[in-house]
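Structure file coords_4.cif (mmCIF, C-alpha atoms) is printed below.
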```
data_run
#
loop_
_atom_site.label_atom_id
_atom_site.label_comp_id
_atom_site.auth_asym_id
_atom_site.auth_seq_id
_atom_site.Cartn_x
_atom_site.Cartn_y
_atom_site.Cartn_z
CA MET A 6 121.53 9.23 129.39
CA TYR A 7 121.63 7.22 132.54
CA THR A 8 124.74 5.03 132.40
CA SER A 9 125.62 4.31 135.98
CA PRO A 10 123.61 2.00 138.19
CA GLN A 11 123.25 4.85 140.68
CA ASP A 12 121.53 7.02 138.07
CA ILE A 13 119.23 4.20 137.15
CA ALA A 14 118.38 3.68 140.78
CA SER A 15 117.68 7.38 141.30
CA LEU A 16 115.46 7.41 138.22
CA ASP A 17 113.53 4.42 139.47
CA GLU A 18 113.20 6.09 142.84
CA SER A 19 111.86 9.32 141.41
CA GLN A 20 109.43 7.41 139.26
CA SER A 21 108.21 5.45 142.23
CA ILE A 22 107.78 8.67 144.18
CA LEU A 23 105.80 10.07 141.30
CA MET A 24 103.57 7.03 141.17
CA GLU A 25 103.04 7.12 144.91
CA ARG A 26 101.77 10.73 144.95
CA PRO A 27 98.29 11.12 146.31
CA PRO A 28 95.54 11.07 143.66
CA GLU A 29 94.53 14.69 144.43
CA LEU A 30 97.61 16.08 142.75
CA HIS A 31 97.01 13.89 139.72
CA VAL A 32 93.51 15.23 139.49
CA LEU A 33 94.73 18.80 139.71
CA LEU A 34 97.41 18.23 137.10
CA ASP A 35 94.98 16.52 134.75
CA ARG A 36 92.53 19.37 135.17
CA LEU A 37 95.25 21.89 134.43
CA ASP A 38 96.21 20.00 131.29
CA ASP A 39 92.60 19.94 130.19
CA LEU A 40 92.25 23.66 130.78
CA TRP A 41 95.42 24.39 128.82
CA SER A 42 94.23 22.24 125.97
CA ARG A 43 90.94 24.11 125.76
CA TYR A 44 92.66 27.44 126.16
CA LEU A 45 95.04 26.77 123.31
CA THR A 46 92.16 25.61 121.14
CA LEU A 47 90.32 28.86 121.78
CA THR A 48 93.47 30.88 121.16
CA ASP A 49 93.85 29.22 117.81
CA ALA A 50 90.19 29.86 117.03
CA TYR A 51 90.61 33.52 117.99
CA GLN A 52 93.66 33.98 115.79
CA GLN A 53 91.96 32.26 112.87
CA ALA A 54 88.86 34.42 113.32
CA GLN A 55 91.00 37.56 113.36
CA ALA A 56 92.69 36.46 110.15
CA ASP A 57 89.32 35.76 108.51
CA MET A 58 87.94 39.08 109.65
CA ALA A 59 90.96 40.94 108.37
CA ARG A 60 90.57 39.24 105.01
CA LEU A 61 86.87 40.08 104.74
CA LEU A 62 87.31 43.68 105.90
CA SER A 63 90.17 44.12 103.47
CA LYS A 64 88.01 42.76 100.70
CA GLY A 65 85.23 45.13 101.68
CA HIS A 66 87.57 48.12 101.71
CA PHE A 67 88.87 47.20 98.27
CA SER A 68 85.33 46.93 96.93
CA LEU A 69 84.42 50.26 98.50
CA THR A 70 87.44 51.92 96.93
CA GLN A 71 86.54 50.46 93.57
CA ALA A 72 82.98 51.71 93.95
CA ASN A 73 84.29 55.19 94.68
CA CYS A 74 86.65 55.13 91.73
CA ARG A 75 84.19 53.76 89.23
CA SER A 76 81.28 55.97 90.24
CA ALA A 77 80.13 57.91 87.19
CA SER A 78 79.10 60.89 89.28
CA ARG A 79 82.29 60.73 91.38
CA VAL A 80 80.17 60.15 94.45
CA ARG A 81 82.17 59.23 97.49
CA HIS A 82 80.25 56.58 99.37
CA GLY A 83 80.86 57.78 102.87
CA GLN A 84 79.28 59.21 105.96
CA ASP A 85 78.01 62.26 104.08
CA PHE A 86 75.13 60.12 102.86
CA TYR A 87 74.31 58.49 106.18
CA ASP A 88 70.64 58.51 107.05
CA GLN A 89 70.13 59.56 110.65
CA ARG A 90 66.95 57.51 110.83
CA MET A 91 68.85 54.29 110.44
CA LYS A 92 68.17 51.56 112.94
CA ALA A 93 70.50 48.73 113.76
CA SER A 94 70.15 45.95 111.25
CA ARG A 95 72.07 43.42 113.27
CA LEU A 96 71.60 42.76 116.94
CA ALA A 97 73.56 40.57 119.29
CA THR A 98 72.21 37.99 121.68
CA ILE A 99 74.18 36.88 124.70
CA ALA A 100 73.18 33.46 125.96
CA ARG A 101 74.49 30.70 128.11
CA GLY A 102 75.46 27.40 126.60
CA PRO A 103 74.33 24.03 127.91
CA ASP A 104 77.85 23.14 129.08
CA PRO A 105 78.24 23.98 132.75
CA THR A 106 82.02 24.17 132.46
CA PRO A 107 83.77 27.47 131.57
CA PHE A 108 83.02 29.17 128.30
CA THR A 109 79.33 29.01 128.90
CA THR A 110 78.41 32.47 127.66
CA PHE A 111 78.39 33.06 123.96
CA VAL A 112 77.30 35.72 121.52
CA SER A 113 75.28 35.32 118.37
CA ILE A 114 74.20 37.86 115.78
CA ARG A 115 70.64 38.10 114.51
CA GLU A 116 68.71 40.40 112.25
CA SER A 117 66.79 43.14 113.94
CA GLU A 118 63.05 43.41 113.49
CA SER A 119 63.45 46.72 111.72
CA ALA A 120 65.68 45.23 109.04
CA VAL A 121 62.79 44.22 106.83
CA THR A 122 63.82 43.77 103.25
CA ALA A 123 60.38 43.83 101.75
CA LYS A 124 56.71 43.83 102.57
CA PRO A 125 54.73 40.67 101.99
CA PHE A 126 54.01 40.01 98.38
CA VAL A 127 51.58 42.49 96.80
CA GLU A 128 49.78 41.58 93.63
CA ASN A 129 50.74 43.89 90.83
CA LYS A 130 49.10 42.99 87.56
CA ALA A 131 49.24 46.14 85.50
CA SER A 132 52.73 47.37 86.06
CA ASN A 133 55.36 46.83 83.38
CA GLU A 134 58.13 48.53 85.33
CA PRO A 135 61.14 46.54 86.50
CA LYS A 136 60.54 45.17 89.92
CA GLN A 137 62.94 44.22 92.67
CA GLN A 138 63.04 40.67 93.90
CA PRO A 139 64.67 39.54 97.16
CA SER A 140 67.53 37.24 96.46
CA PRO A 141 67.48 33.81 98.05
CA PRO A 142 68.88 33.95 101.56
CA SER A 143 72.46 32.87 101.93
CA THR A 144 73.37 29.78 103.90
CA PRO A 145 73.53 30.83 107.58
CA GLY A 146 76.75 30.44 109.65
CA PRO A 147 76.89 28.36 112.85
CA ASN A 148 76.03 31.26 115.15
CA VAL A 149 73.53 33.10 113.06
CA HIS A 150 69.91 32.69 114.03
CA GLU A 151 68.49 33.92 110.75
CA PRO A 152 69.97 34.10 107.27
CA GLN A 153 71.23 37.45 106.10
CA PRO A 154 69.18 39.38 103.61
CA ALA A 155 70.81 39.68 100.23
CA GLU A 156 69.48 42.43 98.04
CA ALA A 157 69.92 42.44 94.26
CA GLU A 158 68.15 44.40 91.55
CA GLN A 159 66.84 42.18 88.75
CA ALA A 160 64.55 42.89 85.86
CA ASP A 161 61.26 41.08 86.23
CA GLU A 162 60.68 38.51 83.51
CA ASP A 163 56.99 37.95 84.15
CA ASP A 164 55.50 41.23 85.28
CA SER A 165 51.88 40.71 84.45
CA THR A 166 50.29 38.53 87.09
CA GLU A 167 53.02 37.31 89.42
CA ASN A 168 52.99 38.69 92.98
CA MET A 169 56.04 40.82 93.65
CA PRO A 170 57.39 42.38 96.84
CA ILE A 171 57.50 46.12 96.92
CA GLU A 172 60.04 47.98 98.98
CA ASP A 173 58.83 50.82 101.16
CA SER A 174 60.56 53.79 102.75
CA ASN A 175 61.37 51.76 105.88
CA THR A 176 63.26 49.27 103.78
CA ARG A 177 65.29 52.02 102.12
CA VAL A 178 66.18 53.40 105.53
CA CYS A 179 67.21 50.00 106.85
CA ASN A 180 69.31 49.09 103.83
CA PRO A 181 72.29 51.42 103.74
CA LEU A 182 72.76 50.79 100.04
CA HIS A 183 69.72 52.88 99.28
CA TRP A 184 71.29 55.94 100.78
CA PHE A 185 73.47 56.20 97.73
CA GLY A 186 70.74 55.93 95.14
CA ILE A 187 68.75 53.25 93.45
CA LEU A 188 71.34 52.00 91.02
CA VAL A 189 74.43 51.55 93.11
CA PRO A 190 77.62 50.05 91.78
CA GLN A 191 78.03 46.32 92.10
CA GLU A 192 81.26 46.95 93.97
CA LEU A 193 79.29 48.70 96.68
CA ARG A 194 77.08 45.64 97.06
CA SER A 195 80.16 43.48 97.26
CA ALA A 196 81.50 45.75 99.99
CA GLN A 197 78.27 45.40 101.93
CA THR A 198 78.37 41.62 101.54
CA SER A 199 81.96 41.45 102.75
CA PHE A 200 81.37 43.70 105.75
CA SER A 201 78.17 41.83 106.69
CA ALA A 202 79.95 38.51 106.42
CA ALA A 203 82.72 39.78 108.68
CA THR A 204 80.13 40.88 111.24
CA THR A 205 78.16 37.67 111.39
CA GLY A 206 80.99 35.16 110.99
CA PRO A 207 84.52 35.77 112.23
CA LEU A 208 83.49 38.58 114.57
CA VAL A 209 81.16 36.30 116.50
CA THR A 210 83.78 33.55 116.61
CA ALA A 211 86.43 35.97 117.86
CA CYS A 212 84.13 37.36 120.55
CA ASN A 213 83.16 33.92 121.77
CA ALA A 214 86.75 32.74 121.74
CA ALA A 215 87.92 35.80 123.66
CA SER A 216 85.13 35.37 126.18
CA GLY A 217 85.99 31.70 126.64
CA MET A 218 89.67 32.50 126.98
CA ARG A 219 88.91 35.01 129.68
CA GLU A 220 86.96 32.44 131.67
CA LEU A 221 89.62 29.78 131.18
CA GLU A 222 92.36 32.16 132.32
CA LEU A 223 90.65 32.42 135.68
CA GLU A 224 90.32 28.64 135.92
CA ILE A 225 93.95 28.08 134.95
CA ARG A 226 95.14 30.51 137.61
CA ARG A 227 92.93 28.80 140.19
CA ALA A 228 94.31 25.39 139.21
CA ARG A 229 97.87 26.68 139.41
CA LYS A 230 97.22 28.11 142.85
CA ALA A 231 95.70 24.84 144.01
CA ILE A 232 98.76 22.90 142.78
CA ASP A 233 101.13 25.38 144.41
CA LYS A 234 99.19 25.18 147.62
CA TYR A 235 99.31 21.40 147.51
CA ASP A 236 103.05 21.38 146.85
CA LYS A 237 103.68 23.76 149.73
CA ALA A 238 101.59 21.64 152.07
CA ALA A 239 103.43 18.53 150.93
CA ALA A 240 106.81 20.23 151.46
CA LYS A 241 105.83 21.28 154.96
CA SER A 242 104.71 17.80 155.89
CA GLY A 243 107.95 16.38 154.57
CA VAL A 244 106.47 14.13 151.87
CA MET B 25 82.26 32.84 137.18
CA ALA B 26 79.78 33.53 134.35
CA LEU B 27 76.84 35.78 135.21
CA PRO B 28 73.29 34.56 134.63
CA GLN B 29 71.80 35.20 131.23
CA SER B 30 69.42 37.77 132.69
CA ALA B 31 72.40 40.03 133.33
CA TYR B 32 72.96 40.34 129.60
CA LYS B 33 69.42 40.38 128.30
CA ASP B 34 69.50 44.06 127.38
CA ARG B 35 72.88 43.93 125.65
CA GLU B 36 72.12 43.63 121.97
CA PHE B 37 73.91 46.44 120.12
CA LEU B 38 77.31 46.57 118.51
CA ALA B 39 79.23 49.72 119.25
CA VAL B 40 82.05 50.92 117.04
CA ILE B 41 84.94 53.25 117.69
CA GLY B 42 86.72 53.70 114.41
CA ASP B 43 87.61 55.89 111.53
CA GLU B 44 85.10 56.76 108.87
CA HIS B 45 85.75 53.57 106.94
CA VAL B 46 84.61 51.36 109.77
CA THR B 47 81.77 52.91 111.64
CA ASP B 48 78.38 51.42 111.07
CA PRO B 49 75.34 53.45 110.17
CA PRO B 50 74.03 55.36 113.14
CA SER B 51 71.23 54.25 115.38
CA SER B 52 68.96 56.41 117.45
CA GLN B 53 71.40 56.51 120.34
CA LYS B 54 74.60 56.70 118.34
CA ASN B 55 76.39 53.53 119.24
CA TYR B 56 79.43 54.66 117.29
CA LEU B 57 82.18 57.25 117.32
CA VAL B 58 83.94 58.42 114.19
CA VAL B 59 87.57 59.16 114.99
CA ASP B 60 89.68 61.39 112.79
CA ALA B 61 92.84 63.39 113.23
CA LYS B 62 91.02 66.07 115.18
CA THR B 63 89.34 63.75 117.67
CA GLU B 64 90.65 64.35 121.14
CA LEU B 65 91.89 61.60 123.38
CA ALA B 66 89.33 62.48 126.02
CA THR B 67 86.56 61.99 123.50
CA ILE B 68 87.80 58.52 122.60
CA GLU B 69 88.19 57.59 126.24
CA GLY B 70 84.74 58.94 127.02
CA ALA B 71 83.17 56.91 124.24
CA PHE B 72 84.97 53.77 125.39
CA GLU B 73 83.82 54.29 128.96
CA SER B 74 80.30 54.99 127.80
CA PHE B 75 80.07 51.89 125.61
CA THR B 76 81.68 49.55 128.13
CA ARG B 77 80.46 50.78 131.48
CA GLY B 78 77.95 53.55 130.96
CA ARG B 79 75.44 51.87 128.71
CA ARG B 80 73.63 48.62 129.37
CA ASP B 81 72.58 47.90 125.81
CA ILE B 82 75.96 47.27 124.19
CA ALA B 83 77.03 43.65 123.68
CA ILE B 84 80.15 44.08 121.58
CA VAL B 85 82.49 47.02 121.20
CA LEU B 86 84.52 47.08 118.01
CA ILE B 87 87.52 49.37 118.06
CA ASN B 88 90.18 49.91 115.44
CA GLN B 89 93.49 48.68 116.76
CA HIS B 90 95.36 51.91 115.94
CA ILE B 91 92.69 53.83 117.91
CA ALA B 92 92.88 51.34 120.76
CA ASP B 93 96.61 52.10 120.92
CA LYS B 94 95.74 55.69 121.81
CA ILE B 95 93.79 54.53 124.86
CA ARG B 96 95.80 51.36 125.44
CA PRO B 97 95.80 51.51 129.26
CA LYS B 98 92.03 51.65 129.31
CA VAL B 99 91.62 48.86 126.76
CA ASP B 100 94.15 46.58 128.45
CA GLY B 101 92.65 47.34 131.84
CA TYR B 102 89.17 46.36 130.77
CA ALA B 103 88.41 43.00 132.37
CA GLU B 104 84.70 42.43 131.90
CA ALA B 105 83.31 39.60 129.80
CA PHE B 106 80.56 41.76 128.28
CA PRO B 107 80.38 43.98 126.47
CA ALA B 108 83.12 42.17 124.64
CA VAL B 109 85.84 44.47 123.33
CA LEU B 110 87.31 43.40 120.03
CA GLU B 111 90.18 45.10 118.26
CA ILE B 112 89.78 45.10 114.51
CA PRO B 113 91.99 46.32 111.68
CA SER B 114 91.24 49.43 109.74
CA LYS B 115 91.78 50.35 106.14
CA ASP B 116 95.29 51.71 106.65
CA HIS B 117 96.35 49.81 109.76
CA PRO B 118 96.45 46.01 109.55
CA TYR B 119 95.86 43.81 112.56
CA ASP B 120 98.92 43.23 114.72
CA PRO B 121 98.59 40.37 117.23
CA GLU B 122 101.50 41.76 119.24
CA ARG B 123 99.39 44.76 120.23
CA ASP B 124 96.10 42.96 120.72
CA SER B 125 94.99 43.02 124.37
CA VAL B 126 93.65 39.47 124.11
CA MET B 127 96.98 38.12 122.88
CA LYS B 128 98.80 40.12 125.53
CA ARG B 129 96.81 38.24 128.16
CA VAL B 130 97.81 34.97 126.50
CA ARG B 131 101.50 35.86 126.69
CA LYS B 132 101.07 36.99 130.27
CA LEU B 133 99.47 33.68 131.15
CA PHE B 134 102.41 31.86 129.59
CA GLY B 135 104.70 33.96 131.70
CA GLU B 136 106.26 35.99 128.90
#
```

For the structure just supplied, provide its representation as structure tokens.
Amino acid sequence: MYTSPQDIASLDESQSILMERPPELHVLLDRLDDLWSRYLTLTDAYQQAQADMARLLSKGHFSLTQANCRSASRVRHGQDFYDQRMKASRLATIARGPDPTPFTTFVSIRESESAVTAKPFVENKASNEPKQQPSPPSTPGPNVHEPQPAEAEQADEDDSTENMPIEDSNTRVCNPLHWFGILVPQELRSAQTSFSAATTGPLVTACNAASGMRELELEIRRARKAIDKYDKAAAKSGV
Amino acid sequence: MALPQSAYKDREFLAVIGDEHVTDPPSSQKNYLVVDAKTELATIEGAFESFTRGRRDIAIVLINQHIADKIRPKVDGYAEAFPAVLEIPSKDHPYDPERDSVMKRVRKLFGE
């Protein structure tokens, strides 16, 4: 607390000095504040994305463990069943954003061309066997170019004249679920859903946030150096 | 300063360095490394170098945090924007922000 008139005078003097500083320093300080604000926002986004990813991966691991425990044939759903012909079902795209300021490069995840879930519909009038139908695509996230495929086995209700998609060998190779048989446990599907969601959602957010943070770190250091340089120059000139 | 988009046009794969619970199904060029108790440190380091600097088609490198701890100097010393290196938890090792290289840079920037 400033109680003496001398303290009040010194406070007024320092405030007047502050107000009389050249506008360049104000610009630098404002820029630094802006950079810090954006950096902290991205840090928060990164931490939230990591928490979301941990939750989804944990959920996927739980589902996978349940699938292993409940398997009638005691099959362990692991790398022993991996198909070496598998192609990547998710691909990343690195693009620049429209904003010319830092954090201009971002990553998005898309389906690969080889990840085809089914051929175009083929008319199948005579068959009475249960057919597989592609489930409706899930609602895409903000950084996903195409919706994820969601496979589910359902008995066909009208199998006489309706056109149905038929899966081919390429589809079985591209869908890892088929490596473990036709009728896989529901827990295994849940595991796939959880892991896919972690890949296309929080993972992309975390990558973009980390990339933006890296760019902002450089800008913050440059701004700090510019302010230090200005202060040194001001000290030398006696201002 | 961000590189032009053409510099990243070939980077489209996700690479994974993790234990058997994490690694994705293999592709034709094996963009993954399964790490177990017998995996040597040099193998992990070689895979990390290959995915980050050797290959031009990797966009993101996912690495389990407990495996990243084994090659921590290399992970912390990696300073490129892409391929992005992301530390992820594994089945038996939860995510620890104290050990994350990204959060270490944050603390360093704050002067801690």

* **Distance-based interface of chain A with chain B, 6 Å, counting all atoms listed in the file, as number ranges by chain** => A: 91-93, 96-98, 100, 216

* Name the closest residue to Ile99 of chain A among the candidates A:Leu69, A:Gly186, A:Asn213, A:Arg81; distances are taken between atoms, counting only C-alpha atoms. => A:Asn213

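Coordinates place atom CA of Leu45 of chain A at a distance of 10.9 Å from atom CA of Phe134 of chain B.
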
Could you give me the axis-aligned bounding box of segment 235-238 of chain A, with 6 Å of padding per side, as centre plus edge lengths in Å to one decimal, as AutoDock Vina command-line options?
```
--center_x 101.5 --center_y 22.6 --center_z 149.5 --size_x 16.4 --size_y 14.4 --size_z 17.2
```

* the PyMOL selection byres ((chain A and resi 59) around 12) applied to the shown file, residues as a ChimeraX atom specification -> /A:52-58,60-66,199-200,202-204,206-208,211 /B:88-89,111-121

With C-alpha atoms retained, write the just-selected residues as a compact mmCIF listing (two decimals), keeping the file's coordinate frame.
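Final output, saved to again-v1.txt:
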```
# COMPACT_ATOMS: atom_id res chain seq x y z
CA GLN A 52 93.66 33.98 115.79
CA GLN A 53 91.96 32.26 112.87
CA ALA A 54 88.86 34.42 113.32
CA GLN A 55 91.00 37.56 113.36
CA ALA A 56 92.69 36.46 110.15
CA ASP A 57 89.32 35.76 108.51
CA MET A 58 87.94 39.08 109.65
CA ARG A 60 90.57 39.24 105.01
CA LEU A 61 86.87 40.08 104.74
CA LEU A 62 87.31 43.68 105.90
CA SER A 63 90.17 44.12 103.47
CA LYS A 64 88.01 42.76 100.70
CA GLY A 65 85.23 45.13 101.68
CA HIS A 66 87.57 48.12 101.71
CA SER A 199 81.96 41.45 102.75
CA PHE A 200 81.37 43.70 105.75
CA ALA A 202 79.95 38.51 106.42
CA ALA A 203 82.72 39.78 108.68
CA THR A 204 80.13 40.88 111.24
CA GLY A 206 80.99 35.16 110.99
CA PRO A 207 84.52 35.77 112.23
CA LEU A 208 83.49 38.58 114.57
CA ALA A 211 86.43 35.97 117.86
CA ASN B 88 90.18 49.91 115.44
CA GLN B 89 93.49 48.68 116.76
CA GLU B 111 90.18 45.10 118.26
CA ILE B 112 89.78 45.10 114.51
CA PRO B 113 91.99 46.32 111.68
CA SER B 114 91.24 49.43 109.74
CA LYS B 115 91.78 50.35 106.14
CA ASP B 116 95.29 51.71 106.65
CA HIS B 117 96.35 49.81 109.76
CA PRO B 118 96.45 46.01 109.55
CA TYR B 119 95.86 43.81 112.56
CA ASP B 120 98.92 43.23 114.72
CA PRO B 121 98.59 40.37 117.23
```

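In this structure, atom CA of Thr46 of chain A sits 19.7 Å away from atom CA of Ser113 of chain A.
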
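Among A:Thr198, A:Thr205, A:Asn180, A:Thr210, the residue with the shortest atom-to-atom distance to Ser94 of chain A, counting only C-alpha atoms, is A:Asn180.
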
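A straight line drawn from atom CA of Gly78 of chain B to atom CA of Arg96 of chain B is 18.8 Å long.
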
* Asked: Which of these, B:Lys128, B:Ile91, B:Gly101, B:Arg80, has the shortest distance to Leu65 of chain B once you count only C-alpha atoms?
  -> B:Ile91

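Near Glu69 of chain B, within 9 Å and counting only C-alpha atoms, sit Glu64, Leu65, Glu73, Ser74, Lys94, Ile95 and Lys98 of chain B; same-chain residues fewer than 4 positions away were not included.
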